[in-house]
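Trainee: Got a file for you: input.txt, compact mmCIF, C-alpha atoms and all ligand atoms.
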```
# COMPACT_ATOMS: atom_id res chain seq x y z
CA MET A 1 40.68 -26.53 26.69
CA ALA A 2 41.18 -27.64 30.27
CA ARG A 3 38.45 -29.06 32.41
CA THR A 4 38.22 -27.20 35.71
CA ILE A 5 37.31 -29.24 38.79
CA VAL A 6 36.45 -27.64 42.12
CA ILE A 7 36.92 -29.62 45.33
CA THR A 8 34.38 -28.09 47.68
CA SER A 9 32.44 -28.82 50.90
CA GLY A 10 31.37 -25.81 52.92
CA LYS A 11 32.57 -27.39 56.15
CA GLY A 12 36.26 -27.32 57.05
CA GLY A 13 38.46 -30.29 57.88
CA VAL A 14 36.49 -32.80 55.83
CA GLY A 15 39.35 -33.69 53.45
CA LYS A 16 39.27 -31.18 50.59
CA THR A 17 43.00 -30.55 50.50
CA THR A 18 43.81 -34.24 50.93
CA THR A 19 41.42 -34.94 48.03
CA SER A 20 42.76 -32.13 45.82
CA ALA A 21 46.31 -33.46 46.18
CA ALA A 22 45.25 -37.05 45.55
CA ILE A 23 43.08 -36.29 42.54
CA ALA A 24 45.60 -33.96 40.92
CA MET A 25 48.37 -36.54 41.35
CA GLY A 26 46.08 -39.32 40.13
CA LEU A 27 45.07 -37.47 36.95
CA ALA A 28 48.66 -36.47 36.23
CA ARG A 29 49.95 -40.01 36.72
CA ARG A 30 47.52 -41.12 34.02
CA GLY A 31 49.31 -38.77 31.61
CA ASN A 32 47.06 -35.72 31.87
CA ARG A 33 48.73 -32.34 32.17
CA THR A 34 47.29 -31.22 35.49
CA ALA A 35 47.56 -28.17 37.73
CA VAL A 36 46.25 -27.90 41.27
CA ILE A 37 45.49 -24.44 42.69
CA ASP A 38 45.22 -23.53 46.36
CA PHE A 39 42.37 -21.02 46.78
CA ASP A 40 42.77 -20.82 50.54
CA VAL A 41 44.21 -17.30 50.68
CA GLY A 42 45.84 -16.65 54.04
CA LEU A 43 45.89 -20.32 55.04
CA ARG A 44 48.14 -21.95 52.47
CA ASN A 45 48.26 -25.71 53.08
CA LEU A 46 48.20 -27.54 49.80
CA ASP A 47 51.95 -26.94 49.35
CA LEU A 48 52.59 -28.94 52.54
CA VAL A 49 50.33 -31.82 51.54
CA MET A 50 52.03 -31.86 48.11
CA GLY A 51 55.47 -31.62 49.71
CA CYS A 52 56.63 -28.55 47.80
CA GLU A 53 56.49 -25.91 50.56
CA ARG A 54 60.18 -25.10 50.33
CA ARG A 55 59.97 -24.36 46.63
CA VAL A 56 57.27 -21.68 46.85
CA VAL A 57 58.55 -18.38 45.46
CA TYR A 58 55.50 -16.73 43.93
CA ASP A 59 51.83 -17.45 44.47
CA PHE A 60 48.39 -17.20 42.87
CA VAL A 61 47.86 -13.57 43.95
CA ASN A 62 51.27 -12.57 42.54
CA VAL A 63 50.14 -13.90 39.17
CA ILE A 64 46.80 -12.08 39.35
CA THR A 65 48.46 -8.77 40.21
CA GLY A 66 51.12 -9.25 37.54
CA GLU A 67 54.05 -9.40 40.00
CA ALA A 68 54.96 -12.79 38.57
CA THR A 69 54.20 -14.74 35.42
CA LEU A 70 52.28 -17.98 35.57
CA ASN A 71 55.42 -19.91 34.65
CA GLN A 72 57.34 -18.31 37.51
CA ALA A 73 54.68 -19.26 40.04
CA LEU A 74 53.85 -22.80 38.94
CA ILE A 75 55.85 -25.45 40.81
CA ARG A 76 56.54 -28.62 38.89
CA ASP A 77 56.11 -31.79 40.93
CA LYS A 78 59.32 -33.74 41.49
CA ARG A 79 57.59 -37.13 41.21
CA CYS A 80 55.38 -36.49 38.20
CA ASP A 81 56.32 -34.31 35.22
CA ASP A 82 52.72 -33.63 34.26
CA LEU A 83 51.77 -32.12 37.62
CA TYR A 84 52.06 -28.47 38.70
CA VAL A 85 51.09 -26.67 41.91
CA LEU A 86 49.98 -23.05 42.15
CA PRO A 87 50.25 -22.11 45.84
CA ALA A 88 47.95 -19.76 47.72
CA SER A 89 49.07 -16.39 48.92
CA GLN A 90 49.72 -15.78 52.61
CA THR A 91 48.25 -12.29 52.34
CA ARG A 92 45.42 -11.45 54.67
CA ASP A 93 43.52 -9.63 51.95
CA LYS A 94 41.01 -12.26 50.82
CA GLU A 95 39.61 -9.92 48.18
CA ALA A 96 42.89 -10.20 46.31
CA LEU A 97 41.29 -13.02 44.32
CA THR A 98 39.16 -10.96 41.98
CA GLN A 99 36.78 -12.72 39.65
CA GLU A 100 38.39 -11.05 36.67
CA GLY A 101 41.88 -11.97 37.85
CA VAL A 102 41.04 -15.58 38.58
CA GLY A 103 39.28 -15.87 35.23
CA LYS A 104 42.32 -14.56 33.37
CA VAL A 105 44.73 -16.95 35.08
CA LEU A 106 42.42 -19.92 34.47
CA ASP A 107 42.06 -18.94 30.81
CA GLU A 108 45.82 -18.83 30.40
CA MET A 109 46.22 -22.18 32.14
CA GLY A 110 43.46 -23.64 30.02
CA LYS A 111 45.70 -23.37 26.98
CA THR A 112 48.30 -25.82 28.29
CA PHE A 113 46.57 -28.02 30.86
CA ASP A 114 44.06 -30.84 30.54
CA TYR A 115 42.77 -30.52 34.10
CA ILE A 116 42.79 -27.70 36.63
CA VAL A 117 41.94 -28.83 40.16
CA CYS A 118 40.78 -26.03 42.50
CA ASP A 119 41.20 -26.67 46.23
CA SER A 120 38.48 -24.58 47.88
CA PRO A 121 38.74 -23.02 51.32
CA ALA A 122 36.02 -23.80 53.87
CA GLY A 123 32.98 -21.58 54.21
CA ILE A 124 30.71 -19.92 51.69
CA GLU A 125 32.58 -16.63 51.50
CA HIS A 126 34.61 -15.03 48.73
CA GLY A 127 37.43 -17.62 48.43
CA ALA A 128 35.04 -20.55 48.23
CA THR A 129 32.80 -18.88 45.66
CA MET A 130 35.84 -17.89 43.56
CA ALA A 131 37.09 -21.49 43.60
CA MET A 132 33.79 -22.74 42.21
CA TYR A 133 32.81 -19.88 39.92
CA PHE A 134 34.64 -21.15 36.82
CA ALA A 135 34.18 -24.87 37.49
CA ASP A 136 33.02 -27.43 34.95
CA ASP A 137 32.86 -30.23 37.53
CA ALA A 138 32.40 -30.12 41.29
CA ILE A 139 33.49 -32.80 43.70
CA VAL A 140 31.54 -32.28 46.92
CA VAL A 141 33.62 -33.73 49.74
CA THR A 142 31.36 -34.86 52.57
CA ASN A 143 31.86 -36.67 55.87
CA PRO A 144 29.11 -38.98 57.15
CA GLU A 145 28.08 -36.48 59.78
CA VAL A 146 25.09 -34.11 60.05
CA SER A 147 26.76 -30.72 59.73
CA SER A 148 28.94 -31.81 56.82
CA VAL A 149 25.96 -33.20 54.89
CA ARG A 150 23.96 -30.04 55.48
CA ASP A 151 26.84 -27.82 54.37
CA SER A 152 27.30 -29.93 51.24
CA ASP A 153 23.68 -29.33 50.34
CA ARG A 154 24.15 -25.60 50.79
CA MET A 155 27.15 -25.75 48.45
CA LEU A 156 24.95 -27.45 45.85
CA GLY A 157 22.62 -24.47 46.04
CA ILE A 158 25.50 -22.06 45.48
CA LEU A 159 26.91 -24.15 42.61
CA ALA A 160 23.52 -23.97 40.93
CA SER A 161 23.20 -20.21 41.24
CA LYS A 162 26.55 -18.46 41.60
CA SER A 163 28.74 -20.05 38.96
CA ARG A 164 29.69 -18.90 35.49
CA ARG A 165 27.74 -21.76 33.97
CA ALA A 166 24.63 -20.83 35.96
CA GLU A 167 24.92 -17.12 35.17
CA ASN A 168 25.39 -17.75 31.44
CA ALA A 169 22.58 -20.34 31.45
CA GLU A 170 25.03 -22.96 30.12
CA GLU A 171 24.95 -26.66 30.85
CA PRO A 172 25.15 -26.91 34.67
CA ILE A 173 28.26 -27.94 36.58
CA ARG A 174 28.56 -31.72 36.91
CA GLU A 175 28.33 -32.54 40.59
CA TYR A 176 29.78 -35.61 42.30
CA LEU A 177 29.65 -36.85 45.86
CA LEU A 178 32.87 -38.00 47.51
CA LEU A 179 32.26 -39.44 50.95
CA THR A 180 35.43 -39.36 53.04
CA ARG A 181 36.59 -40.40 56.51
CA TYR A 182 34.17 -43.32 56.30
CA LEU A 183 34.13 -45.87 59.13
CA PRO A 184 32.23 -49.00 58.02
CA GLU A 185 32.34 -50.50 61.54
CA ARG A 186 30.48 -47.53 62.96
CA VAL A 187 28.00 -47.53 60.07
CA GLU A 188 27.29 -51.21 60.75
CA ARG A 189 26.69 -50.43 64.42
CA GLY A 190 24.21 -47.71 63.46
CA GLU A 191 26.45 -44.97 64.83
CA MET A 192 27.29 -43.29 61.55
CA LEU A 193 25.36 -42.34 58.40
CA GLY A 194 25.95 -44.90 55.68
CA VAL A 195 26.85 -44.16 52.09
CA ASP A 196 23.29 -44.96 50.93
CA ASP A 197 21.84 -42.57 53.51
CA VAL A 198 24.04 -39.68 52.43
CA GLN A 199 23.42 -40.38 48.76
CA GLU A 200 19.68 -40.48 49.36
CA ILE A 201 19.71 -37.16 51.22
CA LEU A 202 21.89 -35.33 48.69
CA SER A 203 20.85 -37.27 45.56
CA LEU A 204 24.21 -36.94 43.86
CA ASP A 205 26.31 -39.27 41.69
CA LEU A 206 28.68 -41.15 43.97
CA LEU A 207 32.28 -40.74 42.84
CA GLY A 208 33.73 -42.74 45.71
CA VAL A 209 34.01 -43.54 49.39
CA ILE A 210 37.35 -42.95 51.13
CA PRO A 211 37.75 -44.85 54.39
CA GLU A 212 39.13 -43.18 57.50
CA SER A 213 42.75 -44.26 57.53
CA PRO A 214 45.85 -43.50 59.61
CA ASP A 215 47.82 -43.55 56.34
CA VAL A 216 46.38 -40.13 55.46
CA LEU A 217 48.13 -38.41 58.36
CA ASP A 218 51.29 -40.33 57.57
CA ALA A 219 51.10 -39.14 53.95
CA SER A 220 50.63 -35.50 54.92
CA ASN A 221 53.48 -35.76 57.43
CA LYS A 222 55.73 -36.73 54.54
CA GLY A 223 54.23 -34.42 51.92
CA GLU A 224 53.23 -37.32 49.68
CA PRO A 225 49.69 -37.36 48.29
CA ILE A 226 47.91 -40.41 49.74
CA ILE A 227 47.20 -41.80 46.28
CA LEU A 228 50.92 -42.64 45.97
CA ASN A 229 50.55 -45.16 48.82
CA GLU A 230 49.39 -48.19 46.87
CA ARG A 231 49.17 -50.38 49.96
CA SER A 232 46.77 -48.05 51.75
CA ASP A 233 43.00 -48.60 51.48
CA ALA A 234 42.52 -44.81 51.31
CA GLY A 235 45.15 -44.59 48.54
CA GLN A 236 43.46 -47.39 46.59
CA ALA A 237 40.05 -45.77 47.07
CA TYR A 238 41.40 -42.54 45.53
CA THR A 239 42.86 -44.53 42.62
CA ASP A 240 39.37 -45.94 41.98
CA VAL A 241 37.97 -42.39 42.13
CA ILE A 242 40.27 -41.36 39.27
CA SER A 243 39.13 -44.33 37.17
CA ARG A 244 35.48 -43.52 37.83
CA TYR A 245 36.00 -39.84 37.08
CA LEU A 246 37.56 -40.83 33.76
CA GLY A 247 34.49 -42.89 32.93
CA GLU A 248 35.54 -46.42 33.90
CA ASP A 249 33.08 -48.64 35.70
CA VAL A 250 34.84 -49.62 38.92
CA PRO A 251 33.04 -51.26 41.86
CA HIS A 252 33.15 -49.49 45.23
CA ARG A 253 35.51 -51.05 47.77
CA PHE A 254 36.03 -50.67 51.52
CA LEU A 255 32.32 -50.15 52.24
CA GLU A 256 32.23 -53.02 54.69
CA ALA A 257 34.16 -53.65 57.87
CA PRO A 258 36.59 -56.54 57.65
CA LYS A 259 34.86 -59.67 58.98
CA LYS A 260 35.85 -60.53 62.51
CA GLY A 261 37.17 -63.94 63.45
CA LEU A 262 35.65 -66.10 66.21
CA PHE A 263 37.62 -64.20 68.84
CA GLY A 264 36.28 -60.86 67.65
CA ARG A 265 32.72 -62.14 67.46
CA LEU A 266 32.82 -63.40 71.04
CA PHE A 267 34.35 -60.33 72.56
CA GLY A 268 33.46 -57.50 70.15
CA GLY A 269 30.54 -55.23 71.17
CA MET B 1 25.94 -60.37 67.23
CA GLY B 2 27.35 -59.56 70.67
CA LEU B 3 25.26 -59.54 73.83
CA LEU B 4 25.23 -55.75 73.98
CA ASP B 5 23.57 -55.55 70.57
CA LEU B 6 20.50 -57.30 71.97
CA PHE B 7 19.95 -54.40 74.33
CA ARG B 8 20.65 -51.81 71.68
CA LYS B 9 18.17 -53.38 69.26
CA ASN B 10 15.14 -51.72 70.86
CA GLN B 11 16.49 -48.23 70.47
CA LYS B 12 16.53 -46.31 67.23
CA SER B 13 20.13 -46.00 66.11
CA SER B 14 21.63 -42.53 66.21
CA ALA B 15 22.44 -42.82 62.50
CA SER B 16 18.77 -43.20 61.61
CA VAL B 17 17.90 -40.23 63.82
CA ALA B 18 20.56 -38.24 61.94
CA LYS B 19 19.12 -39.32 58.62
CA GLU B 20 15.58 -38.29 59.53
CA ARG B 21 16.69 -34.91 60.82
CA LEU B 22 18.75 -34.26 57.70
CA GLN B 23 15.97 -35.26 55.34
CA ILE B 24 13.59 -32.77 56.95
CA LEU B 25 16.19 -30.01 57.12
CA VAL B 26 17.48 -30.44 53.58
CA ALA B 27 13.95 -30.52 52.15
CA HIS B 28 13.12 -27.33 54.03
CA GLU B 29 16.28 -25.52 52.97
CA ARG B 30 15.91 -26.63 49.36
CA SER B 31 12.35 -25.37 49.10
CA ALA B 32 13.42 -22.03 50.57
CA ARG B 33 16.12 -21.86 47.87
CA ASP B 34 13.85 -22.85 45.03
CA ASN B 35 11.10 -20.42 45.99
CA THR B 36 13.41 -17.45 45.94
CA PRO B 37 12.41 -15.58 42.78
CA SER B 38 15.28 -15.15 40.36
CA TYR B 39 14.60 -11.41 40.07
CA LEU B 40 15.55 -10.80 43.71
CA PRO B 41 19.24 -9.96 43.10
CA ARG B 42 18.35 -7.56 40.28
CA LEU B 43 15.62 -5.97 42.35
CA LYS B 44 18.15 -5.40 45.10
CA GLU B 45 20.57 -3.76 42.68
CA ASP B 46 17.90 -1.43 41.33
CA LEU B 47 16.78 -0.49 44.82
CA LEU B 48 20.35 0.18 45.80
CA LYS B 49 20.75 2.55 42.86
CA VAL B 50 17.66 4.52 43.80
CA ILE B 51 18.55 4.74 47.47
CA ARG B 52 22.07 5.85 46.65
CA ARG B 53 20.68 8.92 44.91
CA TYR B 54 19.73 10.14 48.36
CA VAL B 55 21.92 8.32 50.88
CA ASP B 56 25.42 6.90 50.58
CA ILE B 57 25.09 3.25 51.63
CA GLU B 58 26.92 -0.01 51.04
CA PRO B 59 25.30 -3.05 49.37
CA GLU B 60 25.43 -4.97 52.68
CA GLN B 61 23.15 -2.38 54.25
CA VAL B 62 20.25 -3.35 52.01
CA GLN B 63 18.55 -6.67 52.54
CA VAL B 64 15.77 -8.01 50.39
CA THR B 65 14.18 -11.26 51.50
CA LEU B 66 11.07 -13.18 50.70
CA ASP B 67 9.16 -14.75 53.56
CA SER B 68 5.90 -16.56 53.82
CA ASP B 69 3.57 -17.58 56.63
CA GLY B 70 1.81 -20.25 54.63
CA ASN B 71 -1.00 -18.02 53.36
CA GLN B 72 0.81 -14.90 52.28
CA GLU B 73 4.20 -14.02 50.95
CA PHE B 74 6.05 -10.98 52.19
CA LEU B 75 8.75 -9.10 50.41
CA GLU B 76 10.87 -7.69 53.19
CA LEU B 77 13.10 -4.72 52.59
CA ASN B 78 15.59 -3.81 55.27
CA ILE B 79 17.74 -0.74 54.87
CA ALA B 80 20.24 0.22 57.55
CA LEU B 81 20.97 3.92 57.28
CA PRO B 82 24.39 5.26 58.27
CA ASP B 83 24.61 7.08 61.62
CA ASP B 84 24.97 10.63 60.31
CA HIS B 85 21.56 10.60 58.60
N1 LIG A 301 40.39 -40.46 54.80
C1 LIG A 301 40.96 -39.89 55.86
N2 LIG A 301 41.36 -40.64 56.93
C2 LIG A 301 41.95 -40.05 57.99
N3 LIG A 301 42.21 -38.75 58.10
C3 LIG A 301 41.85 -37.95 57.08
C4 LIG A 301 41.21 -38.46 55.90
N4 LIG A 301 40.98 -37.42 55.07
C5 LIG A 301 41.44 -36.30 55.67
N5 LIG A 301 41.98 -36.61 56.89
C6 LIG A 301 42.59 -35.69 57.86
O1 LIG A 301 41.64 -34.69 58.19
C7 LIG A 301 42.28 -33.43 58.38
C8 LIG A 301 41.66 -32.40 57.47
O2 LIG A 301 41.92 -32.75 56.12
P1 LIG A 301 42.07 -31.66 54.98
O3 LIG A 301 42.28 -32.37 53.69
O4 LIG A 301 43.08 -30.63 55.35
O5 LIG A 301 40.61 -31.02 55.02
P2 LIG A 301 40.06 -29.63 54.43
O6 LIG A 301 40.97 -29.22 53.32
O7 LIG A 301 38.68 -29.96 53.97
O8 LIG A 301 40.05 -28.65 55.56
C9 LIG A 301 43.76 -33.65 58.11
O9 LIG A 301 44.42 -33.81 59.33
C10 LIG A 301 43.78 -34.94 57.30
O10 LIG A 301 44.97 -35.64 57.50
MG MG A 302 41.98 -27.36 52.94
```
In structure tokens, what does this structure look like?
Mentor:
Amino acid sequence: MARTIVITSGKGGVGKTTTSAAIAMGLARRGNRTAVIDFDVGLRNLDLVMGCERRVVYDFVNVITGEATLNQALIRDKRCDDLYVLPASQTRDKEALTQEGVGKVLDEMGKTFDYIVCDSPAGIEHGATMAMYFADDAIVVTNPEVSSVRDSDRMLGILASKSRRAENAEEPIREYLLLTRYLPERVERGEMLGVDDVQEILSLDLLGVIPESPDVLDASNKGEPIILNERSDAGQAYTDVISRYLGEDVPHRFLEAPKKGLFGRLFGG
Amino acid sequence: MGLLDLFRKNQKSSASVAKERLQILVAHERSARDNTPSYLPRLKEDLLKVIRRYVDIEPEQVQVTLDSDGNQEFLELNIALPDDH
């Protein structure tokens, strides 16, 4: 039985796809058979971030409609044998992801995978609710910024009412906070919500804090999930996230700005 | 601490303003969520069935919401009828 993880946020551009790619790669590199599914019908992007865009033949909707088998559509990662990508369809018909169809595909995948990571589209419409409906765990990706925090809270409401677990009165989805695009310097200057503030407002378990880093753009330029960049602070922060998700007790890093030298102290604002 | 910080000290930081605003907003939105009775979706479905016996309407055209003004609660039913009726 696979564990299904939804990467969700409500707001767009906060780092869901970056996170989906990093977490799927991280879990797979630890020897878990992992699949990552792009639920963003019409706006396929995960394939680019994963670097497999030229190998897409069939997609998620093709599998749901029976035009392709799951094995035909799944793309095996070139860097990690345990990792597979199921790309989104470019069709404009968002309703193509039916609850029954998604459920069937996830059931079939559940037989062979340990983890299924669902990259949710932005918004609270059909695609986003489909991505979370079958989830066991939810990683709520949030930026330290008012509209992102508010949207995250709205997603928590939807997770608690419109999921399979909620409808069947099962044990609720496990929810985690992942704070991304964090700038400790600005937090220290009082210009940005700090990790404690966001945690207090949302009262969620903190899975990790990913610093804002130019390495993320570099990684997506190359189609290499950021977690593969072991020298990057963002990459290392995602590696810690995997350890924490798997139950290890790892201290949070990169929460503070690097200390300035004498020069910086004299001339910094 | 730089010189500029001395001047900034007297003002509330924008991050703490953000935090206060969010705390109020989130508390408000959560209580609205929690006070929505769980029977509301089923009530809407039943209403839809009854209305459809007479008029052909889509689910989006029926809205059932619960409102309150502090003293009383109102169950609001909004049905948009199609043009040809
Ligand atoms: N930690 C980070 N540091 C810098 N840029 C980031 C970080 N996380 C995401 N980004 C950038 O933000 C943009 C949106 O990220 P993406 O993962 O596509 O968000 P979403 O899927 O939520 O819309 C991308 O350009 C990505 O490179
Ligand atoms: Mg995305």
Trainee: With all atoms listed in the file as the atoms that count, which of A:Ile124, A:Ala28, A:Leu74, A:Leu183 lies nearest to ligand LIG 301 (chain A)?
Mentor: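 Among A:Ile124, A:Ala28, A:Leu74, A:Leu183, it is A:Leu183 that comes nearest to ligand LIG 301 (chain A).
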Trainee: Residues around (53.6, -22.3, 40.4), cut-off 9 Å, counting only C-alpha atoms - what are they as JSON, numbers by chain?
Mentor: {"A": [35, 37, 56, 57, 58, 59, 60, 70, 71, 72, 73, 74, 75, 76, 84, 85, 86, 87]}
Trainee: Could you turn the residues from that selection into a file that holds C-alpha atoms, as a PDB file, in the frame of the given file?
Mentor:
```
ATOM      1  CA  ALA A  35      47.560 -28.170  37.730  1.00  0.00           C
ATOM      2  CA  ILE A  37      45.490 -24.440  42.690  1.00  0.00           C
ATOM      3  CA  VAL A  56      57.270 -21.680  46.850  1.00  0.00           C
ATOM      4  CA  VAL A  57      58.550 -18.380  45.460  1.00  0.00           C
ATOM      5  CA  TYR A  58      55.500 -16.730  43.930  1.00  0.00           C
ATOM      6  CA  ASP A  59      51.830 -17.450  44.470  1.00  0.00           C
ATOM      7  CA  PHE A  60      48.390 -17.200  42.870  1.00  0.00           C
ATOM      8  CA  LEU A  70      52.280 -17.980  35.570  1.00  0.00           C
ATOM      9  CA  ASN A  71      55.420 -19.910  34.650  1.00  0.00           C
ATOM     10  CA  GLN A  72      57.340 -18.310  37.510  1.00  0.00           C
ATOM     11  CA  ALA A  73      54.680 -19.260  40.040  1.00  0.00           C
ATOM     12  CA  LEU A  74      53.850 -22.800  38.940  1.00  0.00           C
ATOM     13  CA  ILE A  75      55.850 -25.450  40.810  1.00  0.00           C
ATOM     14  CA  ARG A  76      56.540 -28.620  38.890  1.00  0.00           C
ATOM     15  CA  TYR A  84      52.060 -28.470  38.700  1.00  0.00           C
ATOM     16  CA  VAL A  85      51.090 -26.670  41.910  1.00  0.00           C
ATOM     17  CA  LEU A  86      49.980 -23.050  42.150  1.00  0.00           C
ATOM     18  CA  PRO A  87      50.250 -22.110  45.840  1.00  0.00           C
TER      19      PRO A  87
END
```
Trainee: Would you kindly return, as number ranges by chain, each protein, DNA or RNA residue with an atom no farther than 12 Å from any atom of Thr65 (chain A), considering only C-alpha atoms and excluding same-chain residues fewer than 5 positions away?
Mentor: A: 58-60, 70, 89, 95-98, 100-102, 104-105
Trainee: Extract, using only C-alpha atoms, all DNA, RNA and protein residues at most 7 Å from region 3-17 of chain A, discarding same-chain residues fewer than 3 positions from it, and format them as a list in words.
Mentor: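 Returned residues: Ser20, Ala21, Leu46, Asp114, Tyr115, Ile116, Val117, Cys118, Asp119, Ser120, Ala122, Gly123, Ile124, Ala131, Met132, Ala135, Asp136, Asp137, Ala138, Ile139, Val140, Val141, Thr142, Asn143, Ser148, Asp151, Ser152, Met155 and Thr180 of chain A.
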Trainee: Identify every residue of chain A that has at least one atom within 10 Å of any atom of chain B, counting all atoms listed in the file, and report the result as a PyMOL selection string.
Mentor: chain A and resi 144-147+149-151+153-154+156-158+161+186-194+197-198+200-202+264-269
Trainee: Give the padded box for ligand LIG 301 (chain A) as lines of an AutoDock Vina configuration file: axis-aligned, covering all atoms listed in the file, 3 Å on each side, centre and edge lengths in Å to one decimal.
Mentor:
```
center_x = 41.8
center_y = -34.6
center_z = 56.3
size_x = 12.3
size_y = 18.0
size_z = 12.0
```
Trainee: Mind giving me the straight-line distance from CA of Ala2 (chain A) to CA of Thr34 (chain A) in Å, one decimal?
Mentor: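 Value for the CA of Ala2 (chain A)-CA of Thr34 (chain A) distance: 8.8 Å.
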Trainee: Between A:Asp107, A:Glu175, A:Asp233, A:Asp205, which is the closest to ligand LIG 301 (chain A) once you count all atoms listed in the file?
Mentor: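 Once distances to ligand LIG 301 (chain A) are computed over all atoms listed in the file, the minimum belongs to A:Asp233.
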Trainee: Between CA of Gln11 (chain B) and CA of Phe254 (chain A), what is the distance in Å, rounded to a tenth?
Mentor: 27.3 Å
Trainee: Looking at all atoms listed in the file, which of A:Met1, A:Val36, A:Cys80, A:Ala88 is the one that sits closest to Gly127 (chain A)?
Mentor: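 For Gly127 (chain A), the nearest of the candidates is A:Ala88.
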Trainee: Rank nothing, just name the residue among B:Ser68, B:Leu43, B:Ile79, B:Val55 nearest to Ser31 (chain B), using all atoms listed in the file.
Mentor: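 Among the listed residues, the smallest separation from Ser31 (chain B) belongs to B:Ser68.
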Trainee: Between A:Val216, A:Ala68, A:Leu204, A:Val61, which residue has the minimum interatomic distance to Leu179 (chain A), considering only C-alpha atoms?
Mentor: A:Leu204
Trainee: Name the residues, using the chain letters and numbers of the file, that sit within 10 Å of (18.9, 0.5, 58.5) when counting all atoms listed in the file, and give them as a list in words.
Mentor: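 Those residues, ordered by chain and then number, are Ile57, Gln61, Val62, Gln63, Leu77, Asn78, Ile79, Ala80, Leu81, Pro82 and Asp83 of chain B.
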Trainee: Save the residues we just selected, C-alpha atoms, as a CSV table (one decimal), keeping the file's coordinate frame?
Mentor:
```csv
chain,number,residue,atom,x,y,z
B,57,ILE,CA,25.1,3.2,51.6
B,61,GLN,CA,23.2,-2.4,54.2
B,62,VAL,CA,20.2,-3.4,52.0
B,63,GLN,CA,18.6,-6.7,52.5
B,77,LEU,CA,13.1,-4.7,52.6
B,78,ASN,CA,15.6,-3.8,55.3
B,79,ILE,CA,17.7,-0.7,54.9
B,80,ALA,CA,20.2,0.2,57.6
B,81,LEU,CA,21.0,3.9,57.3
B,82,PRO,CA,24.4,5.3,58.3
B,83,ASP,CA,24.6,7.1,61.6
```
Trainee: Between atom MG of ligand MG 302 (chain A) and CA of Glu171 (chain A), what is the distance in Å, rounded to a tenth?
Mentor: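 Separating atom MG of ligand MG 302 (chain A) from CA of Glu171 (chain A) is a distance of 27.9 Å.
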Trainee: Need the shell around region 226-230 of chain A: protein/DNA/RNA residues with any atom at most 9 Å away, counting only C-alpha atoms. Skip same-chain ones fewer than 5 positions apart. Format as a PDB file with C-alpha atoms, in the coordinates of the input?
Mentor:
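The result, written out as selection-v8.pdb:
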```pdb
ATOM      1  CA  THR A  18      43.810 -34.240  50.930  1.00  0.00           C
ATOM      2  CA  THR A  19      41.420 -34.940  48.030  1.00  0.00           C
ATOM      3  CA  ALA A  21      46.310 -33.460  46.180  1.00  0.00           C
ATOM      4  CA  ALA A  22      45.250 -37.050  45.550  1.00  0.00           C
ATOM      5  CA  ILE A  23      43.080 -36.290  42.540  1.00  0.00           C
ATOM      6  CA  MET A  25      48.370 -36.540  41.350  1.00  0.00           C
ATOM      7  CA  GLY A  26      46.080 -39.320  40.130  1.00  0.00           C
ATOM      8  CA  ASP A 215      47.820 -43.550  56.340  1.00  0.00           C
ATOM      9  CA  VAL A 216      46.380 -40.130  55.460  1.00  0.00           C
ATOM     10  CA  LEU A 217      48.130 -38.410  58.360  1.00  0.00           C
ATOM     11  CA  ASP A 218      51.290 -40.330  57.570  1.00  0.00           C
ATOM     12  CA  ALA A 219      51.100 -39.140  53.950  1.00  0.00           C
ATOM     13  CA  SER A 220      50.630 -35.500  54.920  1.00  0.00           C
ATOM     14  CA  GLY A 235      45.150 -44.590  48.540  1.00  0.00           C
ATOM     15  CA  GLN A 236      43.460 -47.390  46.590  1.00  0.00           C
ATOM     16  CA  ALA A 237      40.050 -45.770  47.070  1.00  0.00           C
ATOM     17  CA  TYR A 238      41.400 -42.540  45.530  1.00  0.00           C
ATOM     18  CA  THR A 239      42.860 -44.530  42.620  1.00  0.00           C
TER      19      THR A 239
END
```
Trainee: Applying 8 Å and all atoms listed in the file, which residues near Cys52 (chain A) remain after dropping the ones on its own chain fewer than 3 positions away? List them as JSON, numbers by chain.
Mentor: {"A": [47, 48, 55, 56, 75, 77, 223]}
Trainee: Would you put the residues from that selection into a file with C-alpha atoms, as a CSV table (one decimal), keeping the file's coordinate frame?
Mentor:
```csv
chain,number,residue,atom,x,y,z
A,47,ASP,CA,52.0,-26.9,49.4
A,48,LEU,CA,52.6,-28.9,52.5
A,55,ARG,CA,60.0,-24.4,46.6
A,56,VAL,CA,57.3,-21.7,46.8
A,75,ILE,CA,55.8,-25.4,40.8
A,77,ASP,CA,56.1,-31.8,40.9
A,223,GLY,CA,54.2,-34.4,51.9
```
